[in-house]
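Asks: Here you go, one structure.
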Amino acid sequence: MTHSRTFLITGVASGLGRAFAAAALADGHRVIGTVRRAADAHAFGTSERAFPLLLDVTDYAAIPEAVHAAERAVGPVDVLVNNAGYGHEGIVEEASIDDLQRQFAANVFGPVAMIKAVLPGMRARRRGHIVNVTSMGGFITMPGIAFYCGSKFALEGISESLGKEVAPFGIHVTALAPGQFRTDWAGRSMERTPRSLSDYDAVMDPLRVARQTKSGNQPGDPEKAAQALLKLVAADHPPTRLFLGEDALELVTQKLGQMKAEITAWESLSRSTSFAA
């Protein structure tokens, strides 16, 4: 570590957020960590450099003052890690609009509200790093998690565009896209829409069983993901997007090949829409 930073990490009570916070603290940084329950705040605040912040990222109105109060107490945020969120499993036709709104509230609107709270200070200081935890599901897709993939696609697009807006101010933005990591994402943290349409049984039932079976046995190590985060934020020229995990790299590479082949196959039709020269 070259120097100590102040991290603001959302969702530090479990999963990748907890691993990110633990690694940053072990590396000598200060960590403001958001939690939704007082018991989790007590558990997190055991280090002198750990500062729990009771905050639900879907409570947009509470975010600006909560973040500003934390900065007054701890210091300016150097690194924002938008980690809080959850997965939704459900066929689009079976799931409700309320399911979709809740998914986007946690995975898109909350992170954007956090970004808006830290950006004025970062812009004034002409430095900072925003890390939005997306997913390989923000680039590839799988049936049965369309709302989740849609939310991560949205956060990926916002991240990339935001990075171009704030680059002149010395602020970096990275979409951190993990594959399957050994967290509770596919277990107790996932919201599942009840099945109702038998036409989708052949698609959905094997996927639901496989996902539940794999929960707790995923190949990715959260502690190694946390070390990757530290290397990312220490880089002078961090990437716009960083995939984590061999599964993510393999699936993304496959999709890029499929996209290239499809673009080539339909290239003449794509070009046919211009005005005649």
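Residues in the structure tokens are named by chain (A, B, ... in the order shown) and by number from 1 within that chain; ligands are numbered from 1 in the order shown.
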Excluding Pro168 of chain A and residues on its chain fewer than 6 positions from it, collect all residues at most 12 Å away from it, counting only C-alpha atoms, and give them as an MDAnalysis selection string.
Replies: chainID A and resid 122:124 126:128 162
Asks: Applying 12 Å and only C-alpha atoms, which residues near Lys231 of chain A remain after dropping the ones on its own chain fewer than 6 positions away? List them as a count of residues only.
Replies: 12
Asks: Using only C-alpha atoms, which of the listed residues (A:Glu48, A:Glu191, A:Glu156, A:Asp40) sits closest to His88 of chain A?
Replies: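 Going through A:Glu48, A:Glu191, A:Glu156, A:Asp40 one by one, the smallest distance to His88 of chain A is for A:Glu191.
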Asks: Using only C-alpha atoms, which of the listed residues (A:Gly17, A:His29, A:Phe147, A:Gly75) sits closest to Ile97 of chain A?
Replies: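 Of the candidates, the smallest distance to Ile97 of chain A is held by A:Phe147.
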Asks: Please list as a VMD selection string every residue within 10 Å of Ile91 of chain A, counting only C-alpha atoms and excluding residues in the same chain fewer than 4 positions away.
Replies: chain A and resid 95 to 96 143 to 147 192 to 197 200 203 to 204
Asks: Give the strand (DSSP E or B) residues of segment 98-158 of chain A, as assigned by DSSP on the backbone, as a list in words.
Replies: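 The strand (DSSP E or B) residues within segment 98-158 of chain A come out as Gly128, His129, Ile130, Val131, Asn132, Val133 and Ile145 of chain A.
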Asks: Please write the residues from the selection above to a file, keeping C-alpha atoms, as a short mmCIF file (atom, residue, chain, number, x, y, z; two decimals), in the first residue's frame.
Replies:
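Now in selection_25.cif:
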data_model
loop_
_atom_site.label_atom_id
_atom_site.label_comp_id
_atom_site.auth_asym_id
_atom_site.auth_seq_id
_atom_site.Cartn_x
_atom_site.Cartn_y
_atom_site.Cartn_z
CA GLY A 128 -11.46 9.71 -6.82
CA HIS A 129 -12.42 6.23 -7.97
CA ILE A 130 -15.95 4.87 -8.31
CA VAL A 131 -16.22 1.09 -8.54
CA ASN A 132 -19.64 -0.24 -9.49
CA VAL A 133 -19.99 -3.95 -8.80
CA ILE A 145 -32.62 -13.82 -14.30
#
Asks: Give me the residues near Val252 of chain A as a PyMOL selection string, where near means some atom within 8 Å (using only C-alpha atoms) and where sequence neighbours in that chain fewer than 3 positions away do not count.
Replies: chain A and resi 136+139-140+248-249+255-256
Asks: Could you save those same residues with N, CA, C and O atoms as a PDB file, in the first residue's frame?
Replies:
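The result, stored in out.pdb:
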ATOM      1  N   MET A 136     -20.911 -10.596 -14.449  1.00  0.00           N
ATOM      2  CA  MET A 136     -20.805 -11.084 -15.818  1.00  0.00           C
ATOM      3  C   MET A 136     -22.190 -11.067 -16.464  1.00  0.00           C
ATOM      4  O   MET A 136     -22.315 -10.986 -17.678  1.00  0.00           O
ATOM      5  N   PHE A 139     -23.144  -8.444 -18.983  1.00  0.00           N
ATOM      6  CA  PHE A 139     -22.670  -8.539 -20.367  1.00  0.00           C
ATOM      7  C   PHE A 139     -23.240  -9.770 -21.063  1.00  0.00           C
ATOM      8  O   PHE A 139     -23.685  -9.701 -22.197  1.00  0.00           O
ATOM      9  N   ILE A 140     -23.195 -10.908 -20.383  1.00  0.00           N
ATOM     10  CA  ILE A 140     -23.856 -12.101 -20.900  1.00  0.00           C
ATOM     11  C   ILE A 140     -25.254 -12.158 -20.290  1.00  0.00           C
ATOM     12  O   ILE A 140     -25.588 -11.383 -19.399  1.00  0.00           O
ATOM     13  N   ALA A 248     -16.317 -16.052 -15.833  1.00  0.00           N
ATOM     14  CA  ALA A 248     -16.712 -14.794 -16.462  1.00  0.00           C
ATOM     15  C   ALA A 248     -15.926 -14.579 -17.750  1.00  0.00           C
ATOM     16  O   ALA A 248     -16.495 -14.219 -18.793  1.00  0.00           O
ATOM     17  N   LEU A 249     -14.616 -14.789 -17.696  1.00  0.00           N
ATOM     18  CA  LEU A 249     -13.796 -14.594 -18.892  1.00  0.00           C
ATOM     19  C   LEU A 249     -14.214 -15.526 -20.021  1.00  0.00           C
ATOM     20  O   LEU A 249     -14.300 -15.123 -21.186  1.00  0.00           O
ATOM     21  N   LYS A 255     -19.354 -14.921 -25.882  1.00  0.00           N
ATOM     22  CA  LYS A 255     -20.366 -13.989 -26.380  1.00  0.00           C
ATOM     23  C   LYS A 255     -19.768 -13.015 -27.384  1.00  0.00           C
ATOM     24  O   LYS A 255     -20.405 -12.683 -28.396  1.00  0.00           O
ATOM     25  N   LEU A 256     -18.567 -12.535 -27.127  1.00  0.00           N
ATOM     26  CA  LEU A 256     -17.928 -11.623 -28.073  1.00  0.00           C
ATOM     27  C   LEU A 256     -17.771 -12.286 -29.442  1.00  0.00           C
ATOM     28  O   LEU A 256     -17.999 -11.658 -30.480  1.00  0.00           O
TER      29      LEU A 256
END
Asks: Of the candidates A:Ala106, A:Val92, A:Ala261, A:Ile171, which one gets nearest to Asp236 of chain A if we count only C-alpha atoms?
Replies: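 Ranking A:Ala106, A:Val92, A:Ala261, A:Ile171 by distance to Asp236 of chain A, first place goes to A:Ile171.
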Asks: Using only C-alpha atoms, which residues sit within 12 Å of Arg188 of chain A once same-chain residues fewer than 5 positions away are excluded, as number ranges by chain?
Replies: A: 14-15, 86-88, 183, 212, 215-216
Asks: Dump C-alpha atoms for the selected residues as a short mmCIF file (atom, residue, chain, number, x, y, z; two decimals), in the first residue's frame?
Replies:
data_model
loop_
_atom_site.label_atom_id
_atom_site.label_comp_id
_atom_site.auth_asym_id
_atom_site.auth_seq_id
_atom_site.Cartn_x
_atom_site.Cartn_y
_atom_site.Cartn_z
CA SER A 14 -22.05 -10.20 3.93
CA GLY A 15 -20.70 -11.54 0.65
CA TYR A 86 -29.34 -8.64 -4.78
CA GLY A 87 -30.39 -11.13 -7.41
CA HIS A 88 -33.88 -11.79 -8.69
CA THR A 183 -21.42 -15.85 -1.42
CA GLN A 212 -29.63 -23.83 -5.65
CA SER A 215 -24.97 -22.18 -3.95
CA GLY A 216 -22.07 -22.40 -1.51
#
Asks: Smallest atom-to-atom distance to Met114 of chain A: which of A:Tyr60, A:Phe51, A:Phe181, A:Phe243, using only C-alpha atoms?
Replies: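 The answer is A:Tyr60, which sits nearest to Met114 of chain A.
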Asks: Could you check which of A:Val209, A:Ala177, A:Val81, A:Ala202 is closest to Glu246 of chain A, using only C-alpha atoms?
Replies: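 The closest residue to Glu246 of chain A is A:Ala177.
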Asks: Hey, what does DSSP flag as helix (DSSP H, G or I) within segment 112-162 of chain A? Can you give it to me as a PDB file with all heavy atoms, in the first residue's frame?
Replies:
ATOM      1  N   VAL A 112     -26.647   4.851  -8.206  1.00  0.00           N
ATOM      2  CA  VAL A 112     -26.569   6.185  -8.811  1.00  0.00           C
ATOM      3  C   VAL A 112     -26.727   7.265  -7.736  1.00  0.00           C
ATOM      4  O   VAL A 112     -26.025   8.287  -7.753  1.00  0.00           O
ATOM      5  CB  VAL A 112     -27.617   6.350  -9.926  1.00  0.00           C
ATOM      6  CG1 VAL A 112     -27.694   7.805 -10.394  1.00  0.00           C
ATOM      7  CG2 VAL A 112     -27.279   5.446 -11.110  1.00  0.00           C
ATOM      8  N   ALA A 113     -27.615   7.046  -6.784  1.00  0.00           N
ATOM      9  CA  ALA A 113     -27.779   8.014  -5.701  1.00  0.00           C
ATOM     10  C   ALA A 113     -26.498   8.134  -4.870  1.00  0.00           C
ATOM     11  O   ALA A 113     -26.122   9.235  -4.444  1.00  0.00           O
ATOM     12  CB  ALA A 113     -28.956   7.606  -4.801  1.00  0.00           C
ATOM     13  N   MET A 114     -25.817   7.018  -4.648  1.00  0.00           N
ATOM     14  CA  MET A 114     -24.546   7.056  -3.931  1.00  0.00           C
ATOM     15  C   MET A 114     -23.501   7.832  -4.737  1.00  0.00           C
ATOM     16  O   MET A 114     -22.741   8.638  -4.186  1.00  0.00           O
ATOM     17  CB  MET A 114     -24.046   5.639  -3.659  1.00  0.00           C
ATOM     18  CG  MET A 114     -24.908   4.804  -2.720  1.00  0.00           C
ATOM     19  SD  MET A 114     -25.008   5.458  -1.033  1.00  0.00           S
ATOM     20  CE  MET A 114     -23.293   5.329  -0.527  1.00  0.00           C
ATOM     21  N   ILE A 115     -23.462   7.582  -6.034  1.00  0.00           N
ATOM     22  CA  ILE A 115     -22.519   8.295  -6.906  1.00  0.00           C
ATOM     23  C   ILE A 115     -22.754   9.798  -6.833  1.00  0.00           C
ATOM     24  O   ILE A 115     -21.808  10.594  -6.698  1.00  0.00           O
ATOM     25  CB  ILE A 115     -22.658   7.793  -8.356  1.00  0.00           C
ATOM     26  CG1 ILE A 115     -22.117   6.366  -8.486  1.00  0.00           C
ATOM     27  CG2 ILE A 115     -21.929   8.724  -9.328  1.00  0.00           C
ATOM     28  CD1 ILE A 115     -22.484   5.682  -9.792  1.00  0.00           C
ATOM     29  N   LYS A 116     -24.018  10.197  -6.911  1.00  0.00           N
ATOM     30  CA  LYS A 116     -24.345  11.616  -6.897  1.00  0.00           C
ATOM     31  C   LYS A 116     -23.964  12.269  -5.565  1.00  0.00           C
ATOM     32  O   LYS A 116     -23.649  13.463  -5.517  1.00  0.00           O
ATOM     33  CB  LYS A 116     -25.832  11.815  -7.208  1.00  0.00           C
ATOM     34  CG  LYS A 116     -26.181  11.511  -8.665  1.00  0.00           C
ATOM     35  CD  LYS A 116     -27.678  11.570  -8.914  1.00  0.00           C
ATOM     36  CE  LYS A 116     -28.217  12.983  -8.856  1.00  0.00           C
ATOM     37  NZ  LYS A 116     -27.672  13.810  -9.950  1.00  0.00           N
ATOM     38  N   ALA A 117     -23.949  11.476  -4.488  1.00  0.00           N
ATOM     39  CA  ALA A 117     -23.591  12.026  -3.182  1.00  0.00           C
ATOM     40  C   ALA A 117     -22.096  12.270  -3.053  1.00  0.00           C
ATOM     41  O   ALA A 117     -21.676  13.224  -2.391  1.00  0.00           O
ATOM     42  CB  ALA A 117     -24.066  11.079  -2.070  1.00  0.00           C
ATOM     43  N   VAL A 118     -21.264  11.424  -3.682  1.00  0.00           N
ATOM     44  CA  VAL A 118     -19.813  11.592  -3.522  1.00  0.00           C
ATOM     45  C   VAL A 118     -19.180  12.426  -4.632  1.00  0.00           C
ATOM     46  O   VAL A 118     -18.078  12.961  -4.453  1.00  0.00           O
ATOM     47  CB  VAL A 118     -19.086  10.226  -3.435  1.00  0.00           C
ATOM     48  CG1 VAL A 118     -19.619   9.402  -2.277  1.00  0.00           C
ATOM     49  CG2 VAL A 118     -19.159   9.459  -4.735  1.00  0.00           C
ATOM     50  N   LEU A 119     -19.852  12.548  -5.762  1.00  0.00           N
ATOM     51  CA  LEU A 119     -19.225  13.204  -6.913  1.00  0.00           C
ATOM     52  C   LEU A 119     -18.845  14.671  -6.678  1.00  0.00           C
ATOM     53  O   LEU A 119     -17.765  15.090  -7.118  1.00  0.00           O
ATOM     54  CB  LEU A 119     -20.120  13.103  -8.142  1.00  0.00           C
ATOM     55  CG  LEU A 119     -19.787  11.996  -9.132  1.00  0.00           C
ATOM     56  CD1 LEU A 119     -20.708  12.051 -10.340  1.00  0.00           C
ATOM     57  CD2 LEU A 119     -18.326  12.072  -9.580  1.00  0.00           C
ATOM     58  N   PRO A 120     -19.683  15.488  -6.034  1.00  0.00           N
ATOM     59  CA  PRO A 120     -19.265  16.891  -5.866  1.00  0.00           C
ATOM     60  C   PRO A 120     -17.918  17.027  -5.172  1.00  0.00           C
ATOM     61  O   PRO A 120     -17.076  17.837  -5.577  1.00  0.00           O
ATOM     62  CB  PRO A 120     -20.406  17.494  -5.044  1.00  0.00           C
ATOM     63  CG  PRO A 120     -21.600  16.658  -5.403  1.00  0.00           C
ATOM     64  CD  PRO A 120     -21.062  15.265  -5.539  1.00  0.00           C
ATOM     65  N   GLY A 121     -17.702  16.240  -4.122  1.00  0.00           N
ATOM     66  CA  GLY A 121     -16.425  16.303  -3.416  1.00  0.00           C
ATOM     67  C   GLY A 121     -15.277  15.795  -4.259  1.00  0.00           C
ATOM     68  O   GLY A 121     -14.196  16.387  -4.277  1.00  0.00           O
ATOM     69  N   MET A 122     -15.487  14.665  -4.928  1.00  0.00           N
ATOM     70  CA  MET A 122     -14.429  14.137  -5.794  1.00  0.00           C
ATOM     71  C   MET A 122     -14.080  15.131  -6.898  1.00  0.00           C
ATOM     72  O   MET A 122     -12.901  15.334  -7.211  1.00  0.00           O
ATOM     73  CB  MET A 122     -14.871  12.803  -6.407  1.00  0.00           C
ATOM     74  CG  MET A 122     -14.913  11.640  -5.434  1.00  0.00           C
ATOM     75  SD  MET A 122     -15.340  10.084  -6.287  1.00  0.00           S
ATOM     76  CE  MET A 122     -15.136   8.896  -4.949  1.00  0.00           C
ATOM     77  N   ARG A 123     -15.097  15.753  -7.466  1.00  0.00           N
ATOM     78  CA  ARG A 123     -14.860  16.713  -8.547  1.00  0.00           C
ATOM     79  C   ARG A 123     -14.089  17.931  -8.032  1.00  0.00           C
ATOM     80  O   ARG A 123     -13.169  18.420  -8.707  1.00  0.00           O
ATOM     81  CB  ARG A 123     -16.199  17.131  -9.159  1.00  0.00           C
ATOM     82  CG  ARG A 123     -16.082  18.162 -10.271  1.00  0.00           C
ATOM     83  CD  ARG A 123     -17.396  18.291 -11.035  1.00  0.00           C
ATOM     84  NE  ARG A 123     -18.539  18.431 -10.149  1.00  0.00           N
ATOM     85  CZ  ARG A 123     -18.919  19.559  -9.571  1.00  0.00           C
ATOM     86  NH1 ARG A 123     -18.226  20.677  -9.783  1.00  0.00           N
ATOM     87  NH2 ARG A 123     -19.979  19.592  -8.785  1.00  0.00           N
ATOM     88  N   ALA A 124     -14.447  18.394  -6.839  1.00  0.00           N
ATOM     89  CA  ALA A 124     -13.740  19.546  -6.267  1.00  0.00           C
ATOM     90  C   ALA A 124     -12.284  19.214  -5.978  1.00  0.00           C
ATOM     91  O   ALA A 124     -11.396  20.063  -6.170  1.00  0.00           O
ATOM     92  CB  ALA A 124     -14.445  20.001  -4.989  1.00  0.00           C
ATOM     93  N   ARG A 125     -12.026  17.978  -5.541  1.00  0.00           N
ATOM     94  CA  ARG A 125     -10.656  17.566  -5.206  1.00  0.00           C
ATOM     95  C   ARG A 125      -9.879  17.101  -6.432  1.00  0.00           C
ATOM     96  O   ARG A 125      -8.669  16.881  -6.363  1.00  0.00           O
ATOM     97  CB  ARG A 125     -10.684  16.448  -4.154  1.00  0.00           C
ATOM     98  CG  ARG A 125     -11.233  16.866  -2.802  1.00  0.00           C
ATOM     99  CD  ARG A 125     -11.119  15.769  -1.766  1.00  0.00           C
ATOM    100  NE  ARG A 125     -11.907  14.577  -2.091  1.00  0.00           N
ATOM    101  CZ  ARG A 125     -13.192  14.411  -1.786  1.00  0.00           C
ATOM    102  NH1 ARG A 125     -13.858  15.381  -1.157  1.00  0.00           N
ATOM    103  NH2 ARG A 125     -13.830  13.307  -2.109  1.00  0.00           N
ATOM    104  N   MET A 136     -20.911 -10.596 -14.449  1.00  0.00           N
ATOM    105  CA  MET A 136     -20.805 -11.084 -15.818  1.00  0.00           C
ATOM    106  C   MET A 136     -22.190 -11.067 -16.464  1.00  0.00           C
ATOM    107  O   MET A 136     -22.315 -10.986 -17.678  1.00  0.00           O
ATOM    108  CB  MET A 136     -20.212 -12.490 -15.855  1.00  0.00           C
ATOM    109  CG  MET A 136     -21.049 -13.586 -15.229  1.00  0.00           C
ATOM    110  SD  MET A 136     -20.211 -15.195 -15.408  1.00  0.00           S
ATOM    111  CE  MET A 136     -21.425 -16.280 -14.618  1.00  0.00           C
ATOM    112  N   GLY A 137     -23.240 -11.089 -15.620  1.00  0.00           N
ATOM    113  CA  GLY A 137     -24.618 -10.961 -16.094  1.00  0.00           C
ATOM    114  C   GLY A 137     -24.954  -9.560 -16.568  1.00  0.00           C
ATOM    115  O   GLY A 137     -26.077  -9.311 -17.000  1.00  0.00           O
ATOM    116  N   GLY A 138     -23.996  -8.636 -16.490  1.00  0.00           N
ATOM    117  CA  GLY A 138     -24.152  -7.324 -17.096  1.00  0.00           C
ATOM    118  C   GLY A 138     -23.611  -7.286 -18.511  1.00  0.00           C
ATOM    119  O   GLY A 138     -23.628  -6.233 -19.150  1.00  0.00           O
ATOM    120  N   ALA A 146     -33.640 -12.387 -15.970  1.00  0.00           N
ATOM    121  CA  ALA A 146     -33.676 -11.250 -16.905  1.00  0.00           C
ATOM    122  C   ALA A 146     -33.664  -9.916 -16.175  1.00  0.00           C
ATOM    123  O   ALA A 146     -32.995  -8.968 -16.616  1.00  0.00           O
ATOM    124  CB  ALA A 146     -34.907 -11.356 -17.799  1.00  0.00           C
ATOM    125  N   PHE A 147     -34.416  -9.783 -15.079  1.00  0.00           N
ATOM    126  CA  PHE A 147     -34.460  -8.505 -14.366  1.00  0.00           C
ATOM    127  C   PHE A 147     -33.092  -8.189 -13.769  1.00  0.00           C
ATOM    128  O   PHE A 147     -32.645  -7.032 -13.786  1.00  0.00           O
ATOM    129  CB  PHE A 147     -35.517  -8.528 -13.266  1.00  0.00           C
ATOM    130  CG  PHE A 147     -36.932  -8.527 -13.782  1.00  0.00           C
ATOM    131  CD1 PHE A 147     -38.000  -8.605 -12.890  1.00  0.00           C
ATOM    132  CD2 PHE A 147     -37.219  -8.469 -15.140  1.00  0.00           C
ATOM    133  CE1 PHE A 147     -39.317  -8.597 -13.349  1.00  0.00           C
ATOM    134  CE2 PHE A 147     -38.529  -8.471 -15.606  1.00  0.00           C
ATOM    135  CZ  PHE A 147     -39.582  -8.540 -14.703  1.00  0.00           C
ATOM    136  N   TYR A 148     -32.423  -9.215 -13.242  1.00  0.00           N
ATOM    137  CA  TYR A 148     -31.088  -9.017 -12.685  1.00  0.00           C
ATOM    138  C   TYR A 148     -30.113  -8.593 -13.779  1.00  0.00           C
ATOM    139  O   TYR A 148     -29.388  -7.602 -13.627  1.00  0.00           O
ATOM    140  CB  TYR A 148     -30.614 -10.300 -12.007  1.00  0.00           C
ATOM    141  CG  TYR A 148     -29.192 -10.229 -11.504  1.00  0.00           C
ATOM    142  CD1 TYR A 148     -28.886  -9.539 -10.336  1.00  0.00           C
ATOM    143  CD2 TYR A 148     -28.150 -10.844 -12.191  1.00  0.00           C
ATOM    144  CE1 TYR A 148     -27.582  -9.460  -9.865  1.00  0.00           C
ATOM    145  CE2 TYR A 148     -26.845 -10.771 -11.735  1.00  0.00           C
ATOM    146  CZ  TYR A 148     -26.570 -10.085 -10.571  1.00  0.00           C
ATOM    147  OH  TYR A 148     -25.281 -10.001 -10.119  1.00  0.00           O
ATOM    148  N   CYS A 149     -30.107  -9.338 -14.886  1.00  0.00           N
ATOM    149  CA  CYS A 149     -29.208  -8.985 -15.988  1.00  0.00           C
ATOM    150  C   CYS A 149     -29.504  -7.576 -16.498  1.00  0.00           C
ATOM    151  O   CYS A 149     -28.582  -6.798 -16.767  1.00  0.00           O
ATOM    152  CB  CYS A 149     -29.337  -9.994 -17.127  1.00  0.00           C
ATOM    153  SG  CYS A 149     -28.626 -11.623 -16.768  1.00  0.00           S
ATOM    154  N   GLY A 150     -30.788  -7.253 -16.618  1.00  0.00           N
ATOM    155  CA  GLY A 150     -31.155  -5.918 -17.077  1.00  0.00           C
ATOM    156  C   GLY A 150     -30.625  -4.833 -16.167  1.00  0.00           C
ATOM    157  O   GLY A 150     -30.131  -3.794 -16.634  1.00  0.00           O
ATOM    158  N   SER A 151     -30.694  -5.067 -14.850  1.00  0.00           N
ATOM    159  CA  SER A 151     -30.195  -4.063 -13.913  1.00  0.00           C
ATOM    160  C   SER A 151     -28.687  -3.908 -14.022  1.00  0.00           C
ATOM    161  O   SER A 151     -28.147  -2.795 -13.942  1.00  0.00           O
ATOM    162  CB  SER A 151     -30.591  -4.437 -12.473  1.00  0.00           C
ATOM    163  OG  SER A 151     -29.862  -5.561 -11.998  1.00  0.00           O
ATOM    164  N   LYS A 152     -27.984  -5.009 -14.226  1.00  0.00           N
ATOM    165  CA  LYS A 152     -26.531  -4.934 -14.331  1.00  0.00           C
ATOM    166  C   LYS A 152     -26.089  -4.375 -15.681  1.00  0.00           C
ATOM    167  O   LYS A 152     -25.075  -3.663 -15.758  1.00  0.00           O
ATOM    168  CB  LYS A 152     -25.913  -6.315 -14.077  1.00  0.00           C
ATOM    169  CG  LYS A 152     -26.125  -6.828 -12.660  1.00  0.00           C
ATOM    170  CD  LYS A 152     -25.550  -5.878 -11.616  1.00  0.00           C
ATOM    171  CE  LYS A 152     -25.620  -6.453 -10.205  1.00  0.00           C
ATOM    172  NZ  LYS A 152     -25.028  -5.553  -9.189  1.00  0.00           N
ATOM    173  N   PHE A 153     -26.833  -4.676 -16.757  1.00  0.00           N
ATOM    174  CA  PHE A 153     -26.577  -4.021 -18.041  1.00  0.00           C
ATOM    175  C   PHE A 153     -26.703  -2.510 -17.873  1.00  0.00           C
ATOM    176  O   PHE A 153     -25.891  -1.740 -18.394  1.00  0.00           O
ATOM    177  CB  PHE A 153     -27.571  -4.503 -19.094  1.00  0.00           C
ATOM    178  CG  PHE A 153     -27.110  -5.644 -19.945  1.00  0.00           C
ATOM    179  CD1 PHE A 153     -26.910  -6.907 -19.399  1.00  0.00           C
ATOM    180  CD2 PHE A 153     -26.886  -5.478 -21.307  1.00  0.00           C
ATOM    181  CE1 PHE A 153     -26.498  -7.971 -20.184  1.00  0.00           C
ATOM    182  CE2 PHE A 153     -26.473  -6.534 -22.096  1.00  0.00           C
ATOM    183  CZ  PHE A 153     -26.276  -7.784 -21.542  1.00  0.00           C
ATOM    184  N   ALA A 154     -27.752  -2.074 -17.163  1.00  0.00           N
ATOM    185  CA  ALA A 154     -27.972  -0.641 -16.965  1.00  0.00           C
ATOM    186  C   ALA A 154     -26.815  -0.015 -16.199  1.00  0.00           C
ATOM    187  O   ALA A 154     -26.310   1.056 -16.564  1.00  0.00           O
ATOM    188  CB  ALA A 154     -29.285  -0.416 -16.223  1.00  0.00           C
ATOM    189  N   LEU A 155     -26.366  -0.671 -15.129  1.00  0.00           N
ATOM    190  CA  LEU A 155     -25.279  -0.116 -14.332  1.00  0.00           C
ATOM    191  C   LEU A 155     -23.972  -0.106 -15.117  1.00  0.00           C
ATOM    192  O   LEU A 155     -23.153   0.816 -14.965  1.00  0.00           O
ATOM    193  CB  LEU A 155     -25.119  -0.907 -13.031  1.00  0.00           C
ATOM    194  CG  LEU A 155     -24.185  -0.316 -11.980  1.00  0.00           C
ATOM    195  CD1 LEU A 155     -24.581   1.114 -11.618  1.00  0.00           C
ATOM    196  CD2 LEU A 155     -24.136  -1.200 -10.735  1.00  0.00           C
ATOM    197  N   GLU A 156     -23.764  -1.103 -15.972  1.00  0.00           N
ATOM    198  CA  GLU A 156     -22.592  -1.110 -16.842  1.00  0.00           C
ATOM    199  C   GLU A 156     -22.606   0.109 -17.773  1.00  0.00           C
ATOM    200  O   GLU A 156     -21.597   0.798 -17.937  1.00  0.00           O
ATOM    201  CB  GLU A 156     -22.566  -2.395 -17.680  1.00  0.00           C
ATOM    202  CG  GLU A 156     -22.163  -3.635 -16.919  1.00  0.00           C
ATOM    203  CD  GLU A 156     -20.695  -3.964 -17.063  1.00  0.00           C
ATOM    204  OE1 GLU A 156     -20.077  -3.512 -18.047  1.00  0.00           O
ATOM    205  OE2 GLU A 156     -20.167  -4.684 -16.197  1.00  0.00           O
ATOM    206  N   GLY A 157     -23.752   0.370 -18.395  1.00  0.00           N
ATOM    207  CA  GLY A 157     -23.843   1.498 -19.309  1.00  0.00           C
ATOM    208  C   GLY A 157     -23.652   2.821 -18.607  1.00  0.00           C
ATOM    209  O   GLY A 157     -22.961   3.725 -19.120  1.00  0.00           O
ATOM    210  N   ILE A 158     -24.247   2.961 -17.440  1.00  0.00           N
ATOM    211  CA  ILE A 158     -24.087   4.192 -16.666  1.00  0.00           C
ATOM    212  C   ILE A 158     -22.626   4.374 -16.277  1.00  0.00           C
ATOM    213  O   ILE A 158     -22.071   5.480 -16.356  1.00  0.00           O
ATOM    214  CB  ILE A 158     -24.995   4.156 -15.421  1.00  0.00           C
ATOM    215  CG1 ILE A 158     -26.469   4.281 -15.847  1.00  0.00           C
ATOM    216  CG2 ILE A 158     -24.623   5.262 -14.434  1.00  0.00           C
ATOM    217  CD1 ILE A 158     -27.458   3.977 -14.740  1.00  0.00           C
ATOM    218  N   SER A 159     -21.970   3.287 -15.861  1.00  0.00           N
ATOM    219  CA  SER A 159     -20.568   3.368 -15.453  1.00  0.00           C
ATOM    220  C   SER A 159     -19.688   3.852 -16.592  1.00  0.00           C
ATOM    221  O   SER A 159     -18.850   4.751 -16.413  1.00  0.00           O
ATOM    222  CB  SER A 159     -20.078   1.990 -14.977  1.00  0.00           C
ATOM    223  OG  SER A 159     -20.781   1.550 -13.843  1.00  0.00           O
ATOM    224  N   GLU A 160     -19.879   3.246 -17.764  1.00  0.00           N
ATOM    225  CA  GLU A 160     -19.017   3.597 -18.891  1.00  0.00           C
ATOM    226  C   GLU A 160     -19.225   5.041 -19.326  1.00  0.00           C
ATOM    227  O   GLU A 160     -18.261   5.766 -19.600  1.00  0.00           O
ATOM    228  CB  GLU A 160     -19.278   2.642 -20.048  1.00  0.00           C
ATOM    229  CG  GLU A 160     -18.303   2.769 -21.193  1.00  0.00           C
ATOM    230  CD  GLU A 160     -18.411   1.654 -22.207  1.00  0.00           C
ATOM    231  OE1 GLU A 160     -18.791   0.524 -21.827  1.00  0.00           O
ATOM    232  OE2 GLU A 160     -18.129   1.915 -23.396  1.00  0.00           O
ATOM    233  N   SER A 161     -20.477   5.469 -19.379  1.00  0.00           N
ATOM    234  CA  SER A 161     -20.761   6.848 -19.769  1.00  0.00           C
ATOM    235  C   SER A 161     -20.266   7.837 -18.719  1.00  0.00           C
ATOM    236  O   SER A 161     -19.655   8.866 -19.043  1.00  0.00           O
ATOM    237  CB  SER A 161     -22.269   7.016 -19.991  1.00  0.00           C
ATOM    238  OG  SER A 161     -22.574   8.307 -20.452  1.00  0.00           O
ATOM    239  N   LEU A 162     -20.511   7.527 -17.452  1.00  0.00           N
ATOM    240  CA  LEU A 162     -20.051   8.384 -16.361  1.00  0.00           C
ATOM    241  C   LEU A 162     -18.541   8.547 -16.403  1.00  0.00           C
ATOM    242  O   LEU A 162     -18.014   9.650 -16.188  1.00  0.00           O
ATOM    243  CB  LEU A 162     -20.478   7.793 -15.010  1.00  0.00           C
ATOM    244  CG  LEU A 162     -19.921   8.477 -13.763  1.00  0.00           C
ATOM    245  CD1 LEU A 162     -20.475   9.896 -13.620  1.00  0.00           C
ATOM    246  CD2 LEU A 162     -20.227   7.649 -12.514  1.00  0.00           C
TER     247      LEU A 162
END
